file start-v5.csv (CSV, C-alpha atoms)
chain,number,residue,atom,x,y,z
B,1,MET,CA,19.9,-4.5,22.2
B,2,SER,CA,18.9,-7.9,21.0
B,3,SER,CA,17.8,-8.6,17.4
B,4,MET,CA,14.4,-9.9,18.8
B,5,ILE,CA,13.6,-6.5,20.3
B,6,GLU,CA,14.4,-4.7,17.0
B,7,GLU,CA,12.4,-7.2,15.0
B,8,ILE,CA,9.3,-7.0,17.3
B,9,ILE,CA,9.2,-3.2,17.1
B,10,GLN,CA,9.7,-3.3,13.4
B,11,SER,CA,6.9,-5.9,13.0
B,12,ILE,CA,4.5,-3.9,15.1
B,13,ILE,CA,5.1,-0.6,13.2
B,14,ALA,CA,4.8,-2.5,9.9
B,15,ARG,CA,1.5,-4.1,10.8
B,16,CYS,CA,-0.1,-0.9,12.2
B,17,ARG,CA,-1.8,1.7,10.0
B,18,ALA,CA,0.1,5.0,10.1
B,19,SER,CA,-2.9,6.5,12.0
B,20,THR,CA,-2.8,3.9,14.8
B,21,ILE,CA,1.0,3.7,15.5
B,22,LYS,CA,1.1,6.5,18.1
B,23,GLU,CA,-1.9,5.3,20.1
B,24,THR,CA,-0.7,1.7,20.1
B,25,PHE,CA,2.7,2.8,21.6
B,26,LEU,CA,0.9,5.2,24.1
B,27,ARG,CA,-1.3,2.3,25.3
B,28,TRP,CA,1.8,0.3,25.9
B,29,GLY,CA,2.5,2.6,28.8
B,30,ARG,CA,6.3,2.6,28.7
B,31,PHE,CA,6.6,6.1,27.4
B,32,ASN,CA,4.6,9.2,28.2
B,33,SER,CA,3.0,11.6,25.7
B,34,SER,CA,5.9,14.1,25.8
B,35,GLN,CA,8.3,11.3,24.8
B,36,LEU,CA,6.0,10.0,22.2
B,37,ASN,CA,5.4,13.4,20.6
B,38,ASN,CA,4.2,14.1,17.1
B,39,GLN,CA,7.8,14.6,15.9
B,40,ILE,CA,8.5,10.9,16.7
B,41,PHE,CA,5.7,9.8,14.4
B,42,SER,CA,6.4,12.1,11.5
B,43,GLY,CA,7.8,10.8,8.3
B,44,PRO,CA,7.7,7.3,6.8
B,45,LYS,CA,7.5,4.1,9.0
B,46,LYS,CA,11.2,3.5,8.6
B,47,GLN,CA,12.0,6.8,10.2
B,48,ILE,CA,9.4,6.2,13.0
B,49,TYR,CA,11.1,2.8,13.7
B,50,THR,CA,14.5,4.4,14.0
B,51,LYS,CA,13.2,7.0,16.5
B,52,ILE,CA,11.3,4.5,18.6
B,53,LEU,CA,14.2,2.1,18.6
B,54,LYS,CA,16.4,4.9,20.1
B,55,LEU,CA,13.9,5.5,22.9
B,56,VAL,CA,13.8,1.8,23.7
B,57,GLN,CA,17.6,1.6,23.7
B,58,GLU,CA,17.9,4.6,26.1
B,59,SER,CA,15.4,2.9,28.4
B,60,ASN,CA,17.2,-0.4,28.4
B,61,LEU,CA,14.1,-2.4,27.9
B,62,ASN,CA,14.3,-6.2,27.6
B,63,GLU,CA,12.5,-8.8,25.5
B,64,GLU,CA,9.7,-9.5,28.1
B,65,ILE,CA,8.8,-5.8,28.3
B,66,ILE,CA,8.8,-5.5,24.5
B,67,GLY,CA,6.5,-8.6,24.5
B,68,ASP,CA,4.0,-6.4,26.4
B,69,LEU,CA,3.9,-4.1,23.4
B,70,GLU,CA,2.9,-7.0,21.1
B,71,LEU,CA,0.2,-8.0,23.6
B,72,VAL,CA,-1.2,-4.4,23.6
B,73,TYR,CA,-1.0,-4.4,19.8
B,74,MET,CA,-3.1,-7.5,19.6
B,75,GLN,CA,-5.7,-6.2,22.1
B,76,LEU,CA,-6.2,-3.2,19.9
B,77,HIS,CA,-6.1,-5.1,16.6
B,78,SER,CA,-7.6,-8.4,17.4
B,79,ARG,CA,-9.6,-8.6,14.1
B,80,GLN,CA,-6.3,-9.3,12.3
B,81,LYS,CA,-6.3,-12.8,13.8
B,82,GLN,CA,-8.5,-15.8,13.4
B,83,TRP,CA,-9.7,-17.0,16.9
B,84,LYS,CA,-11.0,-20.3,18.1
B,85,VAL,CA,-12.9,-21.1,21.3
B,86,TYR,CA,-12.1,-24.0,23.6
B,87,LYS,CA,-13.8,-25.2,26.8
B,88,LEU,CA,-12.2,-26.8,29.8
B,89,SER,CA,-13.5,-30.3,30.8
B,90,GLY,CA,-13.3,-31.9,34.3
B,91,ASN,CA,-14.9,-31.7,37.7
B,92,ASN,CA,-12.3,-29.9,39.8
B,93,LEU,CA,-11.3,-26.9,37.6
B,94,HIS,CA,-9.3,-24.1,39.0
B,95,LEU,CA,-11.1,-21.1,37.4
B,96,ASN,CA,-10.3,-18.2,39.8
B,97,SER,CA,-6.6,-18.1,39.8
B,98,ASP,CA,-4.9,-14.7,40.0
B,99,PRO,CA,-4.1,-13.7,36.4
B,100,ARG,CA,-0.4,-13.5,37.3
B,101,THR,CA,-0.5,-17.0,38.7
B,102,LEU,CA,-2.2,-18.3,35.6
B,103,ARG,CA,0.5,-16.7,33.4
B,104,ALA,CA,3.2,-18.2,35.6
B,105,LYS,CA,1.8,-21.7,35.5
B,106,VAL,CA,1.1,-21.7,31.7
B,107,LEU,CA,4.6,-20.3,31.1
B,108,ARG,CA,6.3,-22.8,33.3
B,109,ASN,CA,4.5,-25.7,31.6
B,110,LEU,CA,5.4,-24.5,28.2
B,111,GLN,CA,9.1,-24.0,29.2
B,112,LEU,CA,9.1,-27.7,30.2
B,113,ASP,CA,7.8,-28.9,26.9
B,114,TRP,CA,9.3,-26.5,24.4
B,115,ARG,CA,12.7,-27.8,23.3
B,116,ASP,CA,13.5,-25.5,20.3
B,117,GLY,CA,14.3,-22.3,22.1
B,118,GLN,CA,13.0,-19.8,24.7
B,119,VAL,CA,9.5,-19.1,25.8
B,120,PHE,CA,8.3,-15.6,26.7
B,121,GLY,CA,5.1,-15.0,28.6
B,122,ASN,CA,3.1,-11.8,29.0
B,123,MET,CA,-0.2,-11.0,30.8
B,124,GLY,CA,-2.5,-8.1,30.5
B,125,LEU,CA,-6.1,-7.1,31.4
B,126,PHE,CA,-8.4,-5.7,28.7
B,127,ALA,CA,-12.2,-5.3,28.3
B,128,GLY,CA,-12.8,-7.5,31.4
B,129,GLY,CA,-10.7,-10.3,30.0
B,130,VAL,CA,-7.4,-11.9,31.0
B,131,TRP,CA,-5.0,-11.8,28.0
B,132,LEU,CA,-1.9,-14.0,27.7
B,133,ARG,CA,0.8,-13.8,25.1
B,134,MET,CA,3.1,-16.9,24.8
B,135,HIS,CA,5.9,-16.5,22.3
B,136,MET,CA,7.9,-19.7,21.5
B,137,SER,CA,11.1,-18.6,19.8
B,138,SER,CA,13.2,-21.1,17.8
B,139,THR,CA,17.0,-21.3,17.8
B,140,LYS,CA,17.1,-24.3,15.4
B,141,GLY,CA,17.8,-24.1,11.7
B,142,SER,CA,19.4,-21.3,9.8
B,143,ARG,CA,16.7,-18.7,10.2
B,144,ARG,CA,18.0,-15.2,9.7
B,145,LYS,CA,15.5,-13.6,12.1
B,146,SER,CA,15.1,-14.4,15.8
B,147,TYR,CA,11.4,-13.3,15.9
B,148,ASN,CA,8.4,-14.5,13.9
B,149,HIS,CA,5.1,-13.0,14.8
B,150,ASN,CA,3.4,-16.3,13.9
B,151,SER,CA,5.2,-17.9,16.9
B,152,SER,CA,3.2,-15.7,19.3
B,153,VAL,CA,0.0,-17.3,20.5
B,154,PHE,CA,-2.6,-15.2,22.3
B,155,VAL,CA,-5.0,-16.5,24.8
B,156,VAL,CA,-8.1,-14.7,26.2
B,157,THR,CA,-10.2,-16.0,29.1
B,158,PHE,CA,-12.4,-14.5,31.8
B,159,PRO,CA,-12.5,-14.8,35.6
B,160,GLY,CA,-14.5,-17.9,36.6
B,161,SER,CA,-15.1,-18.9,33.0
B,162,PRO,CA,-14.2,-22.4,31.6
B,163,TYR,CA,-13.7,-20.9,28.1
B,164,PHE,CA,-10.4,-20.0,26.5
B,165,ILE,CA,-10.1,-18.2,23.2
B,166,LEU,CA,-6.9,-18.9,21.3
B,167,SER,CA,-5.5,-17.2,18.2
B,168,LYS,CA,-4.9,-19.3,15.2
B,169,ALA,CA,-1.5,-21.0,15.3
B,170,VAL,CA,0.4,-24.0,13.9
B,171,VAL,CA,-0.7,-27.3,15.2
B,172,LYS,CA,2.4,-27.9,17.3
B,173,HIS,CA,2.0,-24.6,19.2
B,174,VAL,CA,-1.7,-25.2,19.7
B,175,GLN,CA,-1.1,-28.6,21.2
B,176,LEU,CA,1.5,-27.3,23.6
B,177,ILE,CA,-0.6,-24.3,24.7
B,178,THR,CA,-3.7,-26.4,25.3
B,179,LYS,CA,-1.7,-28.9,27.3
B,180,ALA,CA,-0.2,-26.1,29.4
B,181,ILE,CA,-3.6,-24.5,30.1
B,182,THR,CA,-5.1,-27.9,30.9
B,183,THR,CA,-2.4,-28.6,33.5
B,184,ALA,CA,-2.5,-25.0,34.9
B,185,THR,CA,-6.2,-25.2,35.5
B,186,ASN,CA,-6.3,-28.8,36.8
B,187,ALA,CA,-8.6,-29.8,33.9
B,188,GLU,CA,-9.0,-33.1,32.1
B,189,GLY,CA,-8.8,-31.5,28.7
B,190,LEU,CA,-9.4,-28.4,26.6
B,191,VAL,CA,-12.1,-29.1,24.0
B,192,ASP,CA,-12.6,-27.3,20.7
B,193,ILE,CA,-16.3,-26.3,20.7
B,194,GLN,CA,-16.4,-25.6,17.0
B,195,LEU,CA,-16.8,-21.8,17.3
B,196,SER,CA,-14.4,-19.5,15.5
B,197,GLY,CA,-14.0,-16.2,13.7
B,198,HIS,CA,-12.1,-13.0,13.4
B,199,HIS,CA,-14.5,-10.9,15.6
B,200,LEU,CA,-13.1,-11.8,19.0
B,201,ALA,CA,-15.7,-9.6,20.8
B,202,SER,CA,-18.6,-11.6,19.3
B,203,LEU,CA,-17.0,-14.9,20.2
B,204,ALA,CA,-16.5,-13.8,23.8
B,205,ASP,CA,-20.1,-12.5,24.1
B,206,ILE,CA,-21.5,-15.8,22.6
B,207,VAL,CA,-19.9,-17.9,25.3
B,208,LEU,CA,-20.4,-15.3,28.2
B,209,LYS,CA,-24.0,-14.3,27.9
B,210,GLY,CA,-25.4,-17.8,28.7
B,211,ASN,CA,-29.0,-17.1,27.6
B,212,GLY,CA,-31.1,-17.5,24.5
B,213,GLN,CA,-31.3,-13.9,23.3
B,214,ILE,CA,-28.6,-11.6,22.1
B,215,GLN,CA,-29.0,-8.9,24.8
B,216,SER,CA,-25.8,-9.2,26.7
B,217,THR,CA,-22.8,-7.6,25.0
B,218,VAL,CA,-20.4,-7.8,27.9
B,219,TYR,CA,-17.1,-7.8,26.0
B,220,ARG,CA,-18.1,-5.7,23.1
B,221,GLU,CA,-19.3,-2.9,25.4
B,222,GLN,CA,-16.1,-2.8,27.4
B,223,GLU,CA,-14.0,-3.1,24.3
B,224,GLU,CA,-15.7,0.0,22.8
B,225,GLU,CA,-14.8,1.9,26.0
B,226,GLU,CA,-11.1,0.8,26.0
B,227,ASN,CA,-10.3,0.4,22.3
B,228,PRO,CA,-10.1,3.7,20.3
B,229,PHE,CA,-10.0,1.8,17.0
B,230,VAL,CA,-13.3,0.1,17.4
B,231,ASP,CA,-16.4,1.3,15.5
B,232,LYS,CA,-18.7,2.6,18.2
B,233,GLY,CA,-21.8,2.6,16.1
B,234,SER,CA,-25.2,1.4,17.5
B,235,ARG,CA,-25.8,-2.3,17.5
B,236,LYS,CA,-29.6,-1.8,17.4
B,237,ARG,CA,-31.1,-2.7,14.1
B,238,LYS,CA,-32.3,0.3,12.2
B,239,ALA,CA,-35.8,0.1,10.6
B,240,PRO,CA,-35.5,0.7,6.9
B,241,LYS,CA,-36.9,4.0,5.7
B,242,GLU,CA,-39.5,3.6,3.0
B,243,ASP,CA,-40.3,6.5,0.7
B,244,ARG,CA,-43.8,5.7,-0.4
B,245,GLY,CA,-44.5,9.1,-2.0
B,246,ASP,CA,-48.3,9.4,-2.7
B,247,LEU,CA,-48.9,5.7,-2.1
B,248,ASN,CA,-49.4,5.9,1.7
B,249,ASP,CA,-53.1,5.1,1.5
B,250,ILE,CA,-52.5,1.8,-0.4
B,251,ASN,CA,-52.9,-1.3,1.7
B,252,ASP,CA,-50.0,-3.7,1.9
B,253,GLU,CA,-51.5,-7.2,1.3
B,254,ASP,CA,-48.5,-8.8,2.9
B,255,SER,CA,-48.4,-6.7,6.0
B,256,GLU,CA,-49.7,-9.4,8.3
B,257,GLU,CA,-47.1,-11.9,7.0
B,258,LYS,CA,-44.4,-9.3,7.4
B,259,GLU,CA,-45.5,-8.5,11.0
B,260,PHE,CA,-45.6,-12.3,11.7
B,261,ARG,CA,-42.0,-12.7,10.5
B,262,LYS,CA,-40.8,-9.7,12.4
B,263,SER,CA,-42.3,-10.8,15.7
B,264,LYS,CA,-40.9,-14.3,15.2
B,265,LEU,CA,-37.5,-13.0,14.5
B,266,VAL,CA,-37.4,-10.7,17.5
B,267,LYS,CA,-38.2,-13.7,19.7
B,268,LEU,CA,-35.5,-15.8,18.0
B,269,PHE,CA,-32.8,-13.2,17.6
B,270,GLY,CA,-33.6,-10.3,19.9
B,271,THR,CA,-33.5,-6.6,18.8
B,272,GLU,CA,-29.7,-6.1,18.6
B,273,SER,CA,-27.6,-7.0,15.6
B,274,GLN,CA,-26.1,-10.5,15.9
B,275,PRO,CA,-22.5,-11.4,16.9
B,276,VAL,CA,-20.2,-11.1,13.9
B,277,LEU,CA,-19.3,-14.5,12.5
B,278,GLU,CA,-17.8,-14.7,9.0
B,279,LYS,CA,-19.0,-18.2,8.2
B,280,LEU,CA,-21.1,-21.2,9.0
B,281,ASP,CA,-19.7,-24.7,8.2
B,282,TYR,CA,-21.9,-27.7,7.6
B,283,LYS,CA,-21.0,-31.3,7.0
B,284,LEU,CA,-23.9,-33.3,5.6
B,285,ASN,CA,-24.3,-37.0,5.8
B,286,VAL,CA,-28.0,-37.6,5.0
B,287,LYS,CA,-30.1,-39.7,2.7
B,288,PHE,CA,-30.6,-38.5,-0.9
B,289,HIS,CA,-34.2,-37.2,-1.4
B,290,GLY,CA,-34.0,-36.3,-5.1
B,291,LYS,CA,-35.1,-38.2,-8.1
B,292,PRO,CA,-34.7,-40.9,-9.0
B,293,VAL,CA,-35.3,-42.3,-5.5
B,294,MET,CA,-32.2,-44.0,-4.3
B,295,ASP,CA,-31.3,-45.6,-1.0
B,296,THR,CA,-27.9,-43.9,-0.8
B,297,MET,CA,-26.2,-41.4,1.5
B,298,CYS,CA,-25.4,-37.9,0.3
B,299,LYS,CA,-22.1,-36.6,1.8
B,300,SER,CA,-21.1,-32.9,1.3
B,301,SER,CA,-19.8,-29.8,2.9
B,302,VAL,CA,-21.4,-26.4,2.8
B,303,GLU,CA,-19.8,-23.1,3.8
B,304,VAL,CA,-21.9,-20.0,4.2
B,305,LYS,CA,-19.6,-16.9,4.2
B,306,GLY,CA,-20.1,-13.2,4.5
B,307,GLN,CA,-19.2,-10.1,6.6
B,308,SER,CA,-21.8,-11.2,9.2
B,309,VAL,CA,-23.7,-14.3,8.3
B,310,LEU,CA,-26.1,-14.2,11.3
B,311,ASP,CA,-27.3,-10.8,10.4
B,312,GLY,CA,-27.6,-12.0,6.8
B,313,ILE,CA,-29.8,-14.9,7.9
B,314,TYR,CA,-32.0,-12.5,9.8
B,315,GLU,CA,-32.5,-10.3,6.8
B,316,LEU,CA,-33.2,-13.3,4.5
B,317,ALA,CA,-35.8,-14.6,6.9
B,318,LYS,CA,-37.3,-11.1,7.3
B,319,CYS,CA,-37.7,-10.8,3.5
B,320,GLY,CA,-39.3,-14.2,3.3
B,321,VAL,CA,-36.5,-16.0,1.5
B,322,LEU,CA,-36.1,-18.4,4.4
B,323,LYS,CA,-39.3,-20.1,5.5
B,324,PHE,CA,-40.5,-20.5,9.0
B,325,PRO,CA,-39.9,-22.4,11.2
B,326,LEU,CA,-36.2,-21.7,10.9
B,327,PRO,CA,-34.0,-24.7,11.7
B,328,ALA,CA,-32.3,-24.7,15.1
B,329,HIS,CA,-28.8,-24.8,13.6
B,330,LEU,CA,-29.5,-21.3,12.3
B,331,THR,CA,-31.3,-19.8,15.3
B,332,THR,CA,-29.2,-21.2,18.1
B,333,VAL,CA,-25.7,-20.4,16.8
B,334,ALA,CA,-25.2,-17.6,19.2
B,335,SER,CA,-27.2,-19.0,22.1
B,336,SER,CA,-27.5,-22.6,23.2
B,337,ALA,CA,-25.5,-24.0,20.3
B,338,GLN,CA,-22.5,-21.7,20.8
B,339,ARG,CA,-20.8,-22.9,17.7
B,340,ASN,CA,-20.6,-22.2,13.9
B,341,SER,CA,-19.6,-25.6,12.7
B,342,PHE,CA,-22.2,-28.4,12.4
B,343,THR,CA,-22.5,-32.0,11.3
B,344,ILE,CA,-26.0,-32.9,10.1
B,345,GLN,CA,-26.6,-36.7,9.9
B,346,ALA,CA,-29.4,-39.0,9.1
B,347,ARG,CA,-31.2,-40.3,12.2
B,348,ASN,CA,-30.6,-44.0,13.0
B,349,LYS,CA,-33.9,-45.9,13.0
call {"tool": "encode", "arguments": {"input": "start-v5.csv", "output": "structure tokens"}}
result
Amino acid sequence: MSSMIEEIIQSIIARCRASTIKETFLRWGRFNSSQLNNQIFSGPKKQIYTKILKLVQESNLNEEIIGDLELVYMQLHSRQKQWKVYKLSGNNLHLNSDPRTLRAKVLRNLQLDWRDGQVFGNMGLFAGGVWLRMHMSSTKGSRRKSYNHNSSVFVVTFPGSPYFILSKAVVKHVQLITKAITTATNAEGLVDIQLSGHHLASLADIVLKGNGQIQSTVYREQEEEENPFVDKGSRKRKAPKEDRGDLNDINDEDSEEKEFRKSKLVKLFGTESQPVLEKLDYKLNVKFHGKPVMDTMCKSSVEVKGQSVLDGIYELAKCGVLKFPLPAHLTTVASSAQRNSFTIQARNK
């Protein structure tokens, strides 16, 4: 058994929570439930690793098959990675290739360009998407380990879609992967559309829905069906419960304003919670409007961060903290803009 196989299994077990190890290995599909019984998963992770390794050795599994395990792990634990969305450019794109053909083409292109060692490629279908795992191993230097999980780049795309979602990786790997995808799809290039985050399902839905309201949750719905580790709570916004006690007969002087804001927000954002984005990035290059009046440019960067910044913006607008009309760079992030990184510049007169 190669050291790479041992290190991949060890890495997967180490990165899993104790409660998710068994289900992750069952989803891999190489062993049945009787082989992966509770006895296998009893004890500390080190003991679990030893027992799993024995099963793998008895089955004589190779590096490519073990690579499928890492792909399954990432499908079930995608929030542990940062993801970035790219879009193919060109007029004669090949968007409907068989997933196996796409894998073979991307793998072949990478093997031609990667000079530091072997390239392993895996393909799987999950939540309606085509998943690729490309692992670029390195034989150079004096590294003690033959496997580094950061050398695995994951790619998610959808049949007929020009969008490719890549896991965060070192610049060299990203350049090689984007070049391989460009060649495999007969594209002119693969363009970073400035949309990124940890919540892969939200990124997928933003680029798949293709309309101005957050009603289509294509990937998220399928992921909830196929991923046992995803929170399956309702995405509908819950109206806050107000305990008014004996004050029910008192008129709310701001009720009309509240109803106005609510109706506006429903038109702008829809009735479901927003896609989960952890930040909005702004680069500002505008004229200074403070005092004293100066004919100078103000350059700065602003980063808005939170668990779900779009839902946060909705709530701030609902409470009246943000004034209407809301700027387009806030309301179109998940629709026509399809990005969460913006440059705001002064208009040229």
call {"tool": "residues_around", "arguments": {"input": "start-v5.csv", "residues": "B:Pro162", "least_positions_apart": "3", "cutoff": "12 Å", "atoms": "only C-alpha atoms", "output": "MDAnalysis selection string"}}
result
chainID B and resid 85:97 156:159 165 181:182 185:191 193 204 207:208
call {"tool": "residues_near_point", "arguments": {"input": "start-v5.csv", "point": "(-14.6, 0.1, 15.7)", "cutoff": "12 Å", "atoms": "all atoms listed in the file", "output": "ChimeraX atom specification"}}
result
/B:76-79,199,201,220-221,223-235
call {"tool": "residues_around", "arguments": {"input": "start-v5.csv", "residues": "stretch 172-175 of chain B", "least_positions_apart": "2", "cutoff": "12 Å", "atoms": "only C-alpha atoms", "output": "number ranges by chain"}}
result
B: 83-84, 86, 110, 113-116, 119, 134-138, 150-155, 165-170, 177-182, 189-192
call {"tool": "closest_residue", "arguments": {"input": "start-v5.csv", "among": "B:Val309, B:Glu257, B:Lys46, B:Val72", "to": "B:Glu23", "atoms": "all atoms listed in the file"}}
result
B:Val72
call {"tool": "residues_around", "arguments": {"input": "start-v5.csv", "residues": "B:Ile8", "least_positions_apart": "5", "cutoff": "8 Å", "atoms": "only C-alpha atoms", "output": "ChimeraX atom specification"}}
result
/B:66-67,70,147,149
call {"tool": "residues_near_point", "arguments": {"input": "start-v5.csv", "point": "(9.4, -0.8, 16.9)", "cutoff": "10 Å", "atoms": "all atoms listed in the file", "output": "PyMOL selection string"}}
result
chain B and resi 5-14+21+25+45-46+48-56+66+69-70
call {"tool": "closest_residue", "arguments": {"input": "start-v5.csv", "among": "B:Leu310, B:Val304, B:Leu330, B:Leu316", "to": "B:Leu277", "atoms": "all atoms listed in the file"}}
result
B:Leu310
call {"tool": "residues_around", "arguments": {"input": "start-v5.csv", "residues": "stretch 62-65 of chain B", "least_positions_apart": "2", "cutoff": "8 Å", "atoms": "only C-alpha atoms", "output": "list in words"}}
result
Met1, Ser2, Met4, Ile5, Asn60, Gly67, Asp68, Leu69, Phe120, Gly121 and Asn122 of chain B
call {"tool": "closest_residue", "arguments": {"input": "start-v5.csv", "among": "B:Gly43, B:Lys267, B:Trp28, B:Gln57", "to": "B:Gly124", "atoms": "all atoms listed in the file"}}
result
B:Trp28
call {"tool": "atom_distance", "arguments": {"input": "start-v5.csv", "atom1": "atom CA of B:Lys262", "atom2": "atom CA of B:Lys318"}}
result
6.3 Å
call {"tool": "closest_residue", "arguments": {"input": "start-v5.csv", "among": "B:Leu102, B:Ala346, B:Leu268, B:Leu280", "to": "B:Ser196", "atoms": "all atoms listed in the file"}}
result
B:Leu280
call {"tool": "atom_distance", "arguments": {"input": "start-v5.csv", "atom1": "atom CA of B:Gln307", "atom2": "atom CA of B:Leu265"}}
result
20.1 Å
call {"tool": "closest_residue", "arguments": {"input": "start-v5.csv", "among": "B:Gln345, B:Gln274, B:Val106, B:Tyr163", "to": "B:Phe288", "atoms": "all atoms listed in the file"}}
result
B:Gln345
